[in-house]
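Engineer: Before anything else, here's the structure in question.
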Amino acid sequence: MASFEVPKRLRPSLPFVPSPPEVVKKMLELALPSREEILMDLGCGDGRILISAAKDYGCTALGIEKNRALVELARRRASLAKPGSVRVLWADLFEADFSKAQVLTLYLTPESLRLLKPRLEQNLSFGARVVSHDYRIHGWNPLTEEEVFSSTDGKWHRIYLYRHPAFRRFGSEK
Ligand SMILES: C[S@@+](CC[C@H](N)C(=O)[O-])C[C@H]1O[C@@H](n2cnc3c(N)ncnc32)[C@H](O)[C@@H]1O
């Protein structure tokens, strides 16, 4: 088994907690996908990031989602919203190939990010942007981080933007 593969028994189960609209907007403003680019959302839930990305930026949007009911919901929402190109795959993000994506969006737990990191470093294409909602990828150096207040849930959210390779060169991890 390649070292970056996470054994099934270690893959955490993550609940569906949608990113509020203000956060989706800011994640996409930071990532700025162009029409020629592919954006992937790993664990895409109801497909909200994909639909906004395809509608507002005209990029190709591809979601990976493990929960079958959410896959159906995301596909339904996408077909109603009729954005350009949205596809939702019923698959496990720990097995996904994201080498063709120029933009990756993530709203995962710190533990999932920790487990996913070696695969990201192995599989991401050079220069790909990674936008992570609420949790940093330890050992990576963000290009920028921003806070957004969501009136939907009354909370502040943090967003990290990285460009691959984003390994920290100096200092220790905080
Ligand atoms: C916190 S939600 C984020 C949803 C969406 N990305 C957003 O920001 O609104 C995490 C999503 O990841 C999905 N998920 C959890 N583990 C997964 C896995 N191993 N493979 C694919 N999807 C997974 C969950 O079903 C859930 O929809």
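To be explicit about the labels: the chains of the structure tokens are called A, B, and onward in the order shown, and within each one the residues are counted from 1, while ligands get numbers from 1 in the order they are shown.
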So which residues touch Phe98 in chain A within 12 Å, counting only C-alpha atoms, skipping near sequence neighbours fewer than 6 positions away, as a PyMOL selection string?

Structural biologist: chain A and resi 38-42+61-64+104-105+116+119-126+128-130

Engineer: Write a file of the just-selected residues containing C-alpha atoms, as a PDB file, in the first residue's frame.

Structural biologist:
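Below you can see selection_37.pdb, which holds the result:
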ATOM      1  CA  ILE A  38     -11.538  22.609 -12.334  1.00  0.00           C
ATOM      2  CA  LEU A  39     -12.657  23.129  -8.754  1.00  0.00           C
ATOM      3  CA  MET A  40     -13.158  20.116  -6.504  1.00  0.00           C
ATOM      4  CA  ASP A  41     -14.962  20.082  -3.170  1.00  0.00           C
ATOM      5  CA  LEU A  42     -13.929  17.077  -1.087  1.00  0.00           C
ATOM      6  CA  ALA A  61     -17.031  21.947 -10.489  1.00  0.00           C
ATOM      7  CA  LEU A  62     -16.635  18.399  -9.241  1.00  0.00           C
ATOM      8  CA  GLY A  63     -17.817  17.149  -5.865  1.00  0.00           C
ATOM      9  CA  ILE A  64     -16.844  14.024  -3.974  1.00  0.00           C
ATOM     10  CA  LEU A 104      -9.652  22.368  -3.946  1.00  0.00           C
ATOM     11  CA  THR A 105     -12.184  23.402  -1.308  1.00  0.00           C
ATOM     12  CA  LEU A 116      -5.356  13.730   4.070  1.00  0.00           C
ATOM     13  CA  ARG A 119      -2.185  12.523  -0.172  1.00  0.00           C
ATOM     14  CA  LEU A 120      -2.627  16.215  -0.944  1.00  0.00           C
ATOM     15  CA  GLU A 121       1.129  16.674  -1.119  1.00  0.00           C
ATOM     16  CA  GLN A 122       1.449  13.639  -3.390  1.00  0.00           C
ATOM     17  CA  ASN A 123      -1.530  14.194  -5.669  1.00  0.00           C
ATOM     18  CA  LEU A 124      -2.055  17.953  -6.051  1.00  0.00           C
ATOM     19  CA  SER A 125      -0.748  19.626  -9.164  1.00  0.00           C
ATOM     20  CA  PHE A 126       1.888  22.328  -8.851  1.00  0.00           C
ATOM     21  CA  ALA A 128      -3.113  24.351  -7.177  1.00  0.00           C
ATOM     22  CA  ARG A 129      -4.976  26.509  -4.649  1.00  0.00           C
ATOM     23  CA  VAL A 130      -6.442  24.915  -1.555  1.00  0.00           C
TER      24      VAL A 130
END

Engineer: Once DSSP has gone over the backbone, tell me which residues of range 7-57 of chain A are in helix (DSSP H, G or I), as a list in words.

Structural biologist: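 These are the residues in question: Lys8, Arg9, Leu10, Pro21, Glu22, Val23, Val24, Lys25, Lys26, Met27, Leu28, Glu29, Leu30, Ala31, Arg48, Ile49, Leu50, Ile51, Ser52, Ala53, Ala54, Lys55, Asp56 and Tyr57 of chain A.
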
Engineer: When distances are computed from only C-alpha atoms, which of A:Ser34, A:Ser132, A:Arg11, A:Ile137 shows the smallest separation from Cys59 in chain A?

Structural biologist: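 The shortest atom-to-atom distance to Cys59 in chain A comes from A:Ser34.
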
Engineer: Point out the residue among A:Pro18, A:Gly84, A:Pro118, A:Pro12 with the least atom-to-atom distance to ligand 1, counting only C-alpha atoms and all ligand atoms.

Structural biologist: A:Pro18

Engineer: Please extract the residues at most 10 Å from ligand 1, counting only C-alpha atoms and all ligand atoms, and provide them as a PyMOL selection string, using the chain letters and residue numbers of this document.

Structural biologist: chain A and resi 8+11-21+23-24+27+40-50+63-71+74+89-96+105-109+112+132-134

Engineer: Go ahead and save the picked residues with C-alpha atoms, as a PDB file, in the first residue's frame.

Structural biologist:
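Contents of the output file part-v1.pdb:
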ATOM      1  CA  LYS A   8     -10.431   2.519   5.958  1.00  0.00           C
ATOM      2  CA  ARG A  11     -10.964   7.369   8.241  1.00  0.00           C
ATOM      3  CA  PRO A  12     -13.007   9.601  10.542  1.00  0.00           C
ATOM      4  CA  SER A  13     -16.719   9.885   9.982  1.00  0.00           C
ATOM      5  CA  LEU A  14     -17.607  13.511   9.371  1.00  0.00           C
ATOM      6  CA  PRO A  15     -21.050  15.013   9.757  1.00  0.00           C
ATOM      7  CA  PHE A  16     -22.638  17.252   7.144  1.00  0.00           C
ATOM      8  CA  VAL A  17     -22.221  20.810   8.421  1.00  0.00           C
ATOM      9  CA  PRO A  18     -22.787  23.163   5.496  1.00  0.00           C
ATOM     10  CA  SER A  19     -20.612  26.222   4.969  1.00  0.00           C
ATOM     11  CA  PRO A  20     -22.842  29.291   5.374  1.00  0.00           C
ATOM     12  CA  PRO A  21     -23.397  31.399   2.218  1.00  0.00           C
ATOM     13  CA  VAL A  23     -18.277  31.670   3.829  1.00  0.00           C
ATOM     14  CA  VAL A  24     -18.891  30.031   0.437  1.00  0.00           C
ATOM     15  CA  MET A  27     -13.836  30.941  -0.150  1.00  0.00           C
ATOM     16  CA  MET A  40     -13.158  20.116  -6.504  1.00  0.00           C
ATOM     17  CA  ASP A  41     -14.962  20.082  -3.170  1.00  0.00           C
ATOM     18  CA  LEU A  42     -13.929  17.077  -1.087  1.00  0.00           C
ATOM     19  CA  GLY A  43     -17.002  16.145   0.937  1.00  0.00           C
ATOM     20  CA  CYS A  44     -19.352  18.381  -1.033  1.00  0.00           C
ATOM     21  CA  GLY A  45     -22.487  17.901   1.069  1.00  0.00           C
ATOM     22  CA  ASP A  46     -25.483  19.475  -0.673  1.00  0.00           C
ATOM     23  CA  GLY A  47     -23.258  20.852  -3.451  1.00  0.00           C
ATOM     24  CA  ARG A  48     -23.514  24.521  -2.482  1.00  0.00           C
ATOM     25  CA  ILE A  49     -19.848  25.357  -3.146  1.00  0.00           C
ATOM     26  CA  LEU A  50     -19.947  23.580  -6.518  1.00  0.00           C
ATOM     27  CA  GLY A  63     -17.817  17.149  -5.865  1.00  0.00           C
ATOM     28  CA  ILE A  64     -16.844  14.024  -3.974  1.00  0.00           C
ATOM     29  CA  GLU A  65     -19.349  12.864  -1.394  1.00  0.00           C
ATOM     30  CA  LYS A  66     -19.650   9.605   0.552  1.00  0.00           C
ATOM     31  CA  ASN A  67     -23.216   9.985   1.773  1.00  0.00           C
ATOM     32  CA  ARG A  68     -25.520   8.685  -0.965  1.00  0.00           C
ATOM     33  CA  ALA A  69     -28.496  10.840   0.103  1.00  0.00           C
ATOM     34  CA  LEU A  70     -26.340  13.974  -0.069  1.00  0.00           C
ATOM     35  CA  VAL A  71     -25.053  12.955  -3.498  1.00  0.00           C
ATOM     36  CA  ALA A  74     -26.468  17.858  -4.551  1.00  0.00           C
ATOM     37  CA  LEU A  89     -19.365  11.592  -7.552  1.00  0.00           C
ATOM     38  CA  TRP A  90     -20.403   9.087  -4.916  1.00  0.00           C
ATOM     39  CA  ALA A  91     -16.931   8.322  -3.607  1.00  0.00           C
ATOM     40  CA  ASP A  92     -14.566   8.475  -0.657  1.00  0.00           C
ATOM     41  CA  LEU A  93     -12.431  11.601  -0.505  1.00  0.00           C
ATOM     42  CA  PHE A  94      -9.527   9.569   0.882  1.00  0.00           C
ATOM     43  CA  GLU A  95      -9.419   7.743  -2.451  1.00  0.00           C
ATOM     44  CA  ALA A  96     -10.098  10.691  -4.734  1.00  0.00           C
ATOM     45  CA  THR A 105     -12.184  23.402  -1.308  1.00  0.00           C
ATOM     46  CA  LEU A 106     -12.257  21.700   2.080  1.00  0.00           C
ATOM     47  CA  TYR A 107     -14.470  21.829   5.130  1.00  0.00           C
ATOM     48  CA  LEU A 108     -13.149  18.894   7.081  1.00  0.00           C
ATOM     49  CA  THR A 109     -12.083  18.227  10.659  1.00  0.00           C
ATOM     50  CA  SER A 112      -9.248  14.454   8.511  1.00  0.00           C
ATOM     51  CA  SER A 132      -9.887  25.368   3.887  1.00  0.00           C
ATOM     52  CA  HIS A 133     -12.825  26.472   5.976  1.00  0.00           C
ATOM     53  CA  ASP A 134     -12.212  26.869   9.724  1.00  0.00           C
TER      54      ASP A 134
END

Engineer: If you measure from CA of Ala53 in chain A to CA of Phe4 in chain A, what distance in Å do you get, rounded to one decimal?

Structural biologist: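 Distance reported for this atom pair: 28.8 Å.
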
Engineer: Please provide the set of residues having any atom within 10 Å of Trp156 in chain A, restricted to only C-alpha atoms, with same-chain residues fewer than 3 positions apart removed, written as an mmCIF file with N, CA and C atoms, in the first residue's frame.

Structural biologist:
data_model
loop_
_atom_site.group_PDB
_atom_site.id
_atom_site.type_symbol
_atom_site.label_atom_id
_atom_site.label_comp_id
_atom_site.auth_asym_id
_atom_site.auth_seq_id
_atom_site.Cartn_x
_atom_site.Cartn_y
_atom_site.Cartn_z
ATOM 1 N N VAL A 23 -19.563 32.374 3.843
ATOM 2 C CA VAL A 23 -18.277 31.670 3.829
ATOM 3 C C VAL A 23 -18.002 31.113 2.427
ATOM 4 N N ASP A 134 -12.342 26.999 8.261
ATOM 5 C CA ASP A 134 -12.212 26.869 9.724
ATOM 6 C C ASP A 134 -10.937 26.199 10.230
ATOM 7 N N GLU A 147 -11.125 36.191 8.169
ATOM 8 C CA GLU A 147 -12.267 35.856 9.019
ATOM 9 C C GLU A 147 -13.528 36.427 8.387
ATOM 10 N N VAL A 148 -14.577 35.668 8.456
ATOM 11 C CA VAL A 148 -15.858 36.109 7.892
ATOM 12 C C VAL A 148 -16.933 35.895 8.940
ATOM 13 N N PHE A 149 -17.770 36.917 9.112
ATOM 14 C CA PHE A 149 -18.901 36.742 10.021
ATOM 15 C C PHE A 149 -20.099 36.259 9.216
ATOM 16 N N SER A 150 -20.750 35.235 9.726
ATOM 17 C CA SER A 150 -21.945 34.735 9.043
ATOM 18 C C SER A 150 -23.185 35.112 9.848
ATOM 19 N N SER A 151 -24.066 35.861 9.221
ATOM 20 C CA SER A 151 -25.315 36.183 9.926
ATOM 21 C C SER A 151 -26.256 34.976 9.889
ATOM 22 N N ASP A 153 -25.415 31.837 10.844
ATOM 23 C CA ASP A 153 -25.280 31.095 12.110
ATOM 24 C C ASP A 153 -24.764 31.964 13.255
#

Engineer: DSSP says strand (DSSP E or B) for which residues of chain A? Put them as a tab-separated table (two decimals) with C-alpha atoms, in the first residue's frame?

Structural biologist:
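Result saved to selection-v4.tsv:
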chain	number	residue	atom	x	y	z
A	38	ILE	CA	-11.54	22.61	-12.33
A	39	LEU	CA	-12.66	23.13	-8.75
A	40	MET	CA	-13.16	20.12	-6.50
A	41	ASP	CA	-14.96	20.08	-3.17
A	42	LEU	CA	-13.93	17.08	-1.09
A	60	THR	CA	-16.03	23.14	-13.95
A	61	ALA	CA	-17.03	21.95	-10.49
A	62	LEU	CA	-16.63	18.40	-9.24
A	63	GLY	CA	-17.82	17.15	-5.86
A	64	ILE	CA	-16.84	14.02	-3.97
A	65	GLU	CA	-19.35	12.86	-1.39
A	85	SER	CA	-20.75	22.18	-15.33
A	86	VAL	CA	-21.31	20.45	-12.00
A	87	ARG	CA	-20.67	16.77	-11.34
A	88	VAL	CA	-21.05	14.94	-8.08
A	89	LEU	CA	-19.36	11.59	-7.55
A	90	TRP	CA	-20.40	9.09	-4.92
A	103	VAL	CA	-8.76	24.58	-6.89
A	104	LEU	CA	-9.65	22.37	-3.95
A	105	THR	CA	-12.18	23.40	-1.31
A	106	LEU	CA	-12.26	21.70	2.08
A	129	ARG	CA	-4.98	26.51	-4.65
A	130	VAL	CA	-6.44	24.91	-1.55
A	131	VAL	CA	-9.07	26.76	0.47
A	132	SER	CA	-9.89	25.37	3.89
A	133	HIS	CA	-12.83	26.47	5.98
A	140	TRP	CA	1.55	24.36	5.46
A	144	THR	CA	-3.60	34.41	3.39
A	145	GLU	CA	-6.19	33.82	6.09
A	146	GLU	CA	-9.40	35.72	6.60
A	147	GLU	CA	-12.27	35.86	9.02
A	148	VAL	CA	-15.86	36.11	7.89
A	149	PHE	CA	-18.90	36.74	10.02
A	150	SER	CA	-21.95	34.74	9.04
A	155	LYS	CA	-20.51	32.97	14.14
A	156	TRP	CA	-17.10	34.01	12.88
A	157	HIS	CA	-15.45	31.62	10.44
A	158	ARG	CA	-11.81	31.44	9.42
A	159	ILE	CA	-10.69	30.67	5.89
A	160	TYR	CA	-7.16	29.65	4.85
A	161	LEU	CA	-5.83	29.92	1.31
A	162	TYR	CA	-2.82	27.84	0.28
A	163	ARG	CA	-0.91	27.36	-2.94
A	167	PHE	CA	5.15	23.39	3.14

Engineer: What does the structure give for the distance between CA of Leu80 in chain A and CA of Pro33 in chain A, in Å to one decimal?

Structural biologist: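 Between these atoms lies a distance of 22.1 Å.
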